[in-house]
Amino acid sequence: MEHAVDTTLTVNGTEVRRRIEPRQHLVDFLREELGLTGSHLGCEHGVCGACTVRVDGAIVRGCLMLAVQADGCKVETIEGLSDSGELAKLQQAFHKRNALQCGFCTPAMLLAARDLQLANPRASREEIRAHLSGNYCRCTGYQAIVDAVEEVLHGKG
Ligand code: FES
Ligand code: FES
């Protein structure tokens, strides 16, 4: 920990102070240091979206951001957003539509869907597809995922 940097961030509403190695990525810090394993590691180079977390209100790739860069930031993960109930409607719709199989992509998919809901609550099906295009799912197929998001955004169901 020779080069560790004092870092203070808020994670899911709780202030966290740690000495962090500058090369540790945010998603590794969340998973390994805080035990928040809902954010997943897939490609580890910014392609699959499995590591998505929210930092100061914007979704980011947790594998492309260093943990020390989150100093002073407000970080929210799937754990915090589930506990607060913010994702409840989307989670219910994913469950109802069988929009997941292994679930590996699901936490990040929910964060991306919520991000769209906040930015563009009347997004069209094409816009939903475009917004989720940075999140890869290897098993379910996107039809059910887009159906679930559309159900919530358009009040269908
Ligand atoms: S693990 Fe970060 S984008 Fe794939
Ligand atoms: S549900 Fe398995 S990767 Fe999406």
# chains A, B, ... in the order shown; residues from 1 in each chain; ligands from 1
>>> residues_near_ligand(ligand="ligand 1", cutoff="6 Å", atoms="only C-alpha atoms and all ligand atoms", output="list in words")
Leu41, Gly42, Cys43, Glu44, His45, Gly46, Val47, Cys48, Gly49, Ala50, Cys51, Arg61, Gly62 and Cys63 of chain A
>>> write_last_selection(atoms="all heavy atoms", output="CSV table (one decimal), in the first residue's frame")
chain,number,residue,atom,x,y,z
A,41,LEU,N,-18.1,-8.2,-13.2
A,41,LEU,CA,-17.0,-7.9,-14.1
A,41,LEU,C,-17.1,-8.9,-15.2
A,41,LEU,O,-17.1,-10.1,-15.0
A,41,LEU,CB,-15.7,-8.2,-13.3
A,41,LEU,CG,-15.1,-7.0,-12.7
A,41,LEU,CD1,-13.9,-7.4,-11.8
A,41,LEU,CD2,-14.6,-6.0,-13.7
A,42,GLY,N,-17.2,-8.4,-16.4
A,42,GLY,CA,-17.3,-9.2,-17.6
A,42,GLY,C,-16.0,-9.1,-18.4
A,42,GLY,O,-15.0,-9.7,-18.2
A,43,CYS,N,-16.0,-8.1,-19.3
A,43,CYS,CA,-14.9,-7.9,-20.2
A,43,CYS,C,-13.7,-7.2,-19.6
A,43,CYS,O,-12.6,-7.3,-20.0
A,43,CYS,CB,-15.4,-7.1,-21.4
A,43,CYS,SG,-15.8,-5.4,-21.0
A,44,GLU,N,-14.0,-6.4,-18.6
A,44,GLU,CA,-12.9,-5.6,-17.9
A,44,GLU,C,-12.3,-4.6,-18.8
A,44,GLU,O,-11.2,-4.1,-18.5
A,44,GLU,CB,-11.9,-6.4,-17.2
A,44,GLU,CG,-12.5,-7.3,-16.1
A,44,GLU,CD,-11.4,-8.1,-15.4
A,44,GLU,OE1,-10.5,-7.4,-14.8
A,44,GLU,OE2,-11.5,-9.3,-15.3
A,45,HIS,N,-12.9,-4.2,-19.9
A,45,HIS,CA,-12.3,-3.1,-20.7
A,45,HIS,C,-13.4,-2.3,-21.4
A,45,HIS,O,-13.2,-1.9,-22.6
A,45,HIS,CB,-11.2,-3.6,-21.7
A,45,HIS,CG,-11.7,-4.6,-22.7
A,45,HIS,ND1,-11.5,-4.4,-24.1
A,45,HIS,CD2,-12.4,-5.8,-22.7
A,45,HIS,CE1,-11.9,-5.4,-24.8
A,45,HIS,NE2,-12.5,-6.2,-23.9
A,46,GLY,N,-14.5,-2.1,-20.7
A,46,GLY,CA,-15.4,-1.1,-21.2
A,46,GLY,C,-16.4,-1.5,-22.3
A,46,GLY,O,-17.1,-0.6,-22.8
A,47,VAL,N,-16.5,-2.8,-22.6
A,47,VAL,CA,-17.4,-3.2,-23.7
A,47,VAL,C,-18.8,-3.7,-23.2
A,47,VAL,O,-19.8,-3.3,-23.8
A,47,VAL,CB,-16.7,-4.2,-24.6
A,47,VAL,CG1,-17.6,-4.7,-25.7
A,47,VAL,CG2,-15.4,-3.6,-25.1
A,48,CYS,N,-18.8,-4.6,-22.2
A,48,CYS,CA,-20.0,-5.4,-21.9
A,48,CYS,C,-21.0,-4.7,-21.0
A,48,CYS,O,-22.2,-5.0,-21.0
A,48,CYS,CB,-19.6,-6.7,-21.3
A,48,CYS,SG,-19.1,-6.6,-19.6
A,49,GLY,N,-20.6,-3.7,-20.2
A,49,GLY,CA,-21.5,-3.0,-19.4
A,49,GLY,C,-21.9,-3.6,-18.1
A,49,GLY,O,-22.6,-3.1,-17.3
A,50,ALA,N,-21.4,-4.8,-17.8
A,50,ALA,CA,-21.8,-5.6,-16.6
A,50,ALA,C,-21.4,-4.9,-15.3
A,50,ALA,O,-22.0,-5.1,-14.3
A,50,ALA,CB,-21.1,-7.0,-16.6
A,51,CYS,N,-20.4,-4.0,-15.4
A,51,CYS,CA,-19.9,-3.3,-14.2
A,51,CYS,C,-20.5,-2.0,-13.9
A,51,CYS,O,-20.0,-1.2,-13.1
A,51,CYS,CB,-18.4,-3.1,-14.4
A,51,CYS,SG,-18.1,-2.1,-15.9
A,61,ARG,N,-19.0,3.0,-16.4
A,61,ARG,CA,-18.4,1.7,-16.4
A,61,ARG,C,-17.4,1.6,-15.2
A,61,ARG,O,-16.4,2.3,-15.2
A,61,ARG,CB,-17.6,1.5,-17.7
A,61,ARG,CG,-18.4,1.7,-18.9
A,61,ARG,CD,-18.9,0.3,-19.4
A,61,ARG,NE,-19.3,0.3,-20.7
A,61,ARG,CZ,-20.5,0.1,-21.2
A,61,ARG,NH1,-21.5,0.0,-20.3
A,61,ARG,NH2,-20.8,-0.1,-22.4
A,62,GLY,N,-17.7,0.8,-14.2
A,62,GLY,CA,-16.9,0.6,-13.1
A,62,GLY,C,-15.5,0.1,-13.3
A,62,GLY,O,-14.6,0.2,-12.5
A,63,CYS,N,-15.4,-0.6,-14.5
A,63,CYS,CA,-14.0,-1.1,-14.9
A,63,CYS,C,-13.2,-0.1,-15.6
A,63,CYS,O,-12.0,-0.4,-15.8
A,63,CYS,CB,-14.2,-2.4,-15.7
A,63,CYS,SG,-14.7,-2.0,-17.4
>>> residues_near_ligand(ligand="ligand 2", cutoff="9 Å", atoms="only C-alpha atoms and all ligand atoms", output="list in words")
Ala50, Ala99, Leu100, Gln101, Cys102, Gly103, Phe104, Cys105, Thr106, Met109, Asn135, Tyr136, Cys137, Arg138, Cys139, Thr140, Gly141 and Tyr142 of chain A
>>> select_by_dssp(residues="chain A", states="alpha helix (DSSP H)", output="PyMOL selection string")
chain A and resi 26-28+78-83+88-96+106-119+125-132+142-153
>>> write_last_selection(atoms="N, CA and C atoms", output="compact mmCIF listing (two decimals), in the first residue's frame")
# COMPACT_ATOMS: atom_id res chain seq x y z
N LEU A 26 -12.83 1.05 -9.77
CA LEU A 26 -13.96 1.27 -8.86
C LEU A 26 -14.74 -0.01 -8.62
N VAL A 27 -15.00 -0.78 -9.66
CA VAL A 27 -15.81 -1.99 -9.47
C VAL A 27 -15.07 -3.02 -8.61
N ASP A 28 -13.75 -3.10 -8.75
CA ASP A 28 -12.98 -4.01 -7.89
C ASP A 28 -13.05 -3.55 -6.44
N ILE A 78 -26.26 -1.44 -7.45
CA ILE A 78 -27.52 -2.18 -7.50
C ILE A 78 -28.05 -2.49 -6.11
N GLU A 79 -27.14 -2.70 -5.16
CA GLU A 79 -27.59 -3.02 -3.80
C GLU A 79 -28.38 -1.85 -3.20
N GLY A 80 -27.80 -0.65 -3.31
CA GLY A 80 -28.45 0.51 -2.74
C GLY A 80 -29.74 0.87 -3.46
N LEU A 81 -29.71 0.75 -4.77
CA LEU A 81 -30.90 1.12 -5.55
C LEU A 81 -32.02 0.09 -5.39
N SER A 82 -31.66 -1.15 -5.12
CA SER A 82 -32.69 -2.16 -4.81
C SER A 82 -33.29 -1.90 -3.44
N ASP A 83 -32.41 -1.66 -2.47
CA ASP A 83 -32.90 -1.45 -1.10
C ASP A 83 -33.80 -0.22 -1.00
N ALA A 88 -37.79 -0.95 -8.14
CA ALA A 88 -38.80 -1.99 -7.90
C ALA A 88 -39.67 -2.29 -9.12
N LYS A 89 -40.14 -1.26 -9.80
CA LYS A 89 -41.03 -1.51 -10.95
C LYS A 89 -40.28 -2.22 -12.07
N LEU A 90 -39.08 -1.79 -12.32
CA LEU A 90 -38.29 -2.46 -13.36
C LEU A 90 -37.98 -3.90 -12.96
N GLN A 91 -37.64 -4.11 -11.71
CA GLN A 91 -37.35 -5.48 -11.26
C GLN A 91 -38.57 -6.38 -11.40
N GLN A 92 -39.74 -5.85 -11.04
CA GLN A 92 -40.96 -6.64 -11.17
C GLN A 92 -41.24 -6.98 -12.63
N ALA A 93 -41.02 -6.00 -13.51
CA ALA A 93 -41.28 -6.23 -14.94
C ALA A 93 -40.28 -7.24 -15.51
N PHE A 94 -39.03 -7.18 -15.11
CA PHE A 94 -38.04 -8.16 -15.57
C PHE A 94 -38.45 -9.56 -15.11
N HIS A 95 -38.92 -9.64 -13.88
CA HIS A 95 -39.34 -10.94 -13.34
C HIS A 95 -40.54 -11.47 -14.10
N LYS A 96 -41.51 -10.61 -14.28
CA LYS A 96 -42.75 -11.01 -14.96
C LYS A 96 -42.50 -11.45 -16.40
N THR A 106 -28.00 -8.56 -15.41
CA THR A 106 -29.23 -7.91 -14.97
C THR A 106 -29.03 -6.67 -14.10
N PRO A 107 -28.14 -6.68 -13.10
CA PRO A 107 -27.99 -5.46 -12.30
C PRO A 107 -27.64 -4.24 -13.17
N ALA A 108 -26.71 -4.43 -14.07
CA ALA A 108 -26.30 -3.32 -14.93
C ALA A 108 -27.41 -2.94 -15.90
N MET A 109 -28.12 -3.93 -16.37
CA MET A 109 -29.23 -3.67 -17.30
C MET A 109 -30.29 -2.81 -16.59
N LEU A 110 -30.55 -3.12 -15.34
CA LEU A 110 -31.53 -2.35 -14.56
C LEU A 110 -31.05 -0.91 -14.36
N LEU A 111 -29.78 -0.73 -14.10
CA LEU A 111 -29.25 0.63 -13.93
C LEU A 111 -29.36 1.42 -15.23
N ALA A 112 -29.05 0.75 -16.35
CA ALA A 112 -29.14 1.44 -17.64
C ALA A 112 -30.59 1.78 -17.96
N ALA A 113 -31.50 0.86 -17.66
CA ALA A 113 -32.92 1.11 -17.92
C ALA A 113 -33.44 2.27 -17.06
N ARG A 114 -33.03 2.27 -15.81
CA ARG A 114 -33.45 3.37 -14.92
C ARG A 114 -32.88 4.71 -15.39
N ASP A 115 -31.66 4.68 -15.87
CA ASP A 115 -31.04 5.89 -16.40
C ASP A 115 -31.86 6.46 -17.55
N LEU A 116 -32.32 5.57 -18.42
CA LEU A 116 -33.16 6.01 -19.53
C LEU A 116 -34.49 6.54 -19.02
N GLN A 117 -35.07 5.83 -18.07
CA GLN A 117 -36.37 6.24 -17.53
C GLN A 117 -36.29 7.66 -16.96
N LEU A 118 -35.20 7.98 -16.30
CA LEU A 118 -35.05 9.31 -15.72
C LEU A 118 -34.82 10.37 -16.80
N ALA A 119 -34.05 10.00 -17.83
CA ALA A 119 -33.69 10.98 -18.86
C ALA A 119 -34.80 11.16 -19.90
N ARG A 125 -39.51 2.31 -28.29
CA ARG A 125 -38.84 1.00 -28.27
C ARG A 125 -37.44 1.08 -28.89
N GLU A 126 -37.34 1.82 -29.97
CA GLU A 126 -36.02 1.97 -30.62
C GLU A 126 -35.05 2.69 -29.71
N GLU A 127 -35.55 3.69 -29.01
CA GLU A 127 -34.67 4.42 -28.08
C GLU A 127 -34.27 3.53 -26.90
N ILE A 128 -35.16 2.68 -26.47
CA ILE A 128 -34.82 1.73 -25.40
C ILE A 128 -33.70 0.81 -25.89
N ARG A 129 -33.88 0.29 -27.09
CA ARG A 129 -32.85 -0.60 -27.66
C ARG A 129 -31.50 0.12 -27.75
N ALA A 130 -31.54 1.35 -28.22
CA ALA A 130 -30.29 2.11 -28.37
C ALA A 130 -29.63 2.34 -27.01
N HIS A 131 -30.45 2.67 -26.01
CA HIS A 131 -29.88 2.99 -24.69
C HIS A 131 -29.29 1.75 -24.02
N LEU A 132 -29.87 0.60 -24.28
CA LEU A 132 -29.38 -0.64 -23.67
C LEU A 132 -28.30 -1.32 -24.51
N TYR A 142 -32.58 -10.07 -26.17
CA TYR A 142 -32.96 -8.71 -25.79
C TYR A 142 -34.46 -8.44 -25.87
N GLN A 143 -35.18 -9.31 -26.53
CA GLN A 143 -36.61 -9.06 -26.74
C GLN A 143 -37.34 -8.88 -25.40
N ALA A 144 -37.16 -9.83 -24.51
CA ALA A 144 -37.85 -9.78 -23.22
C ALA A 144 -37.36 -8.61 -22.37
N ILE A 145 -36.09 -8.30 -22.47
CA ILE A 145 -35.54 -7.18 -21.70
C ILE A 145 -36.17 -5.87 -22.18
N VAL A 146 -36.22 -5.69 -23.48
CA VAL A 146 -36.81 -4.46 -24.04
C VAL A 146 -38.31 -4.44 -23.73
N ASP A 147 -38.97 -5.59 -23.80
CA ASP A 147 -40.39 -5.66 -23.43
C ASP A 147 -40.60 -5.18 -22.00
N ALA A 148 -39.74 -5.63 -21.09
CA ALA A 148 -39.89 -5.27 -19.67
C ALA A 148 -39.70 -3.78 -19.46
N VAL A 149 -38.70 -3.22 -20.10
CA VAL A 149 -38.44 -1.78 -19.94
C VAL A 149 -39.59 -0.99 -20.57
N GLU A 150 -40.04 -1.45 -21.71
CA GLU A 150 -41.14 -0.76 -22.40
C GLU A 150 -42.40 -0.79 -21.53
N GLU A 151 -42.64 -1.91 -20.88
CA GLU A 151 -43.80 -2.03 -20.02
C GLU A 151 -43.79 -0.96 -18.92
N VAL A 152 -42.64 -0.74 -18.33
CA VAL A 152 -42.55 0.24 -17.25
C VAL A 152 -42.64 1.66 -17.79
N LEU A 153 -41.93 1.93 -18.86
CA LEU A 153 -41.93 3.29 -19.40
C LEU A 153 -43.29 3.68 -19.98
>>> closest_atom_pairs(of="range 21-41 of chain A", to="range 3-8 of chain A", cutoff="10 Å", atoms="only C-alpha atoms", output="JSON lines")
{"residue": "A:Glu21", "atom": "CA", "partner": "A:Ala4", "partner_atom": "CA", "distance": 4.3}
{"residue": "A:Pro22", "atom": "CA", "partner": "A:Ala4", "partner_atom": "CA", "distance": 6.3}
{"residue": "A:Arg23", "atom": "CA", "partner": "A:Ala4", "partner_atom": "CA", "distance": 9.2}
{"residue": "A:Gln24", "atom": "CA", "partner": "A:Ala4", "partner_atom": "CA", "distance": 9.8}
>>> write_last_selection(atoms="N, CA and C atoms", output="PDB file, in the first residue's frame")
ATOM      1  N   GLU A  21      -5.172   1.813  -3.391  1.00  0.00           N
ATOM      2  CA  GLU A  21      -4.119   1.789  -4.413  1.00  0.00           C
ATOM      3  C   GLU A  21      -4.624   2.499  -5.666  1.00  0.00           C
ATOM      4  N   PRO A  22      -3.834   3.387  -6.232  1.00  0.00           N
ATOM      5  CA  PRO A  22      -4.308   4.172  -7.380  1.00  0.00           C
ATOM      6  C   PRO A  22      -4.745   3.329  -8.577  1.00  0.00           C
ATOM      7  N   ARG A  23      -4.204   2.113  -8.694  1.00  0.00           N
ATOM      8  CA  ARG A  23      -4.552   1.329  -9.889  1.00  0.00           C
ATOM      9  C   ARG A  23      -5.819   0.489  -9.708  1.00  0.00           C
ATOM     10  N   GLN A  24      -6.424   0.520  -8.532  1.00  0.00           N
ATOM     11  CA  GLN A  24      -7.619  -0.307  -8.322  1.00  0.00           C
ATOM     12  C   GLN A  24      -8.846   0.334  -8.961  1.00  0.00           C
TER      13      GLN A  24
END
>>> atom_distance(atom1="CA of His40 in chain A", atom2="CA of Ala67 in chain A")
15.3 Å
>>> select_by_dssp(residues="range 53-95 of chain A", states="strand (DSSP E)", output="PyMOL selection string")
chain A and resi 53-55+58-61+74-76
>>> closest_residue(among="A:Val68, A:Asn98, A:Leu9, A:Gly155", to="Ala123 in chain A", atoms="only C-alpha atoms")
A:Gly155
>>> closest_residue(among="A:Ala70, A:Arg54, A:Arg97, A:Asn120", to="Val16 in chain A", atoms="only C-alpha atoms")
A:Ala70
>>> atom_distance(atom1="CA of Ser124 in chain A", atom2="CA of Val53 in chain A")
23.8 Å
>>> atom_distance(atom1="CA of Lys74 in chain A", atom2="CA of Ala58 in chain A")
10.1 Å
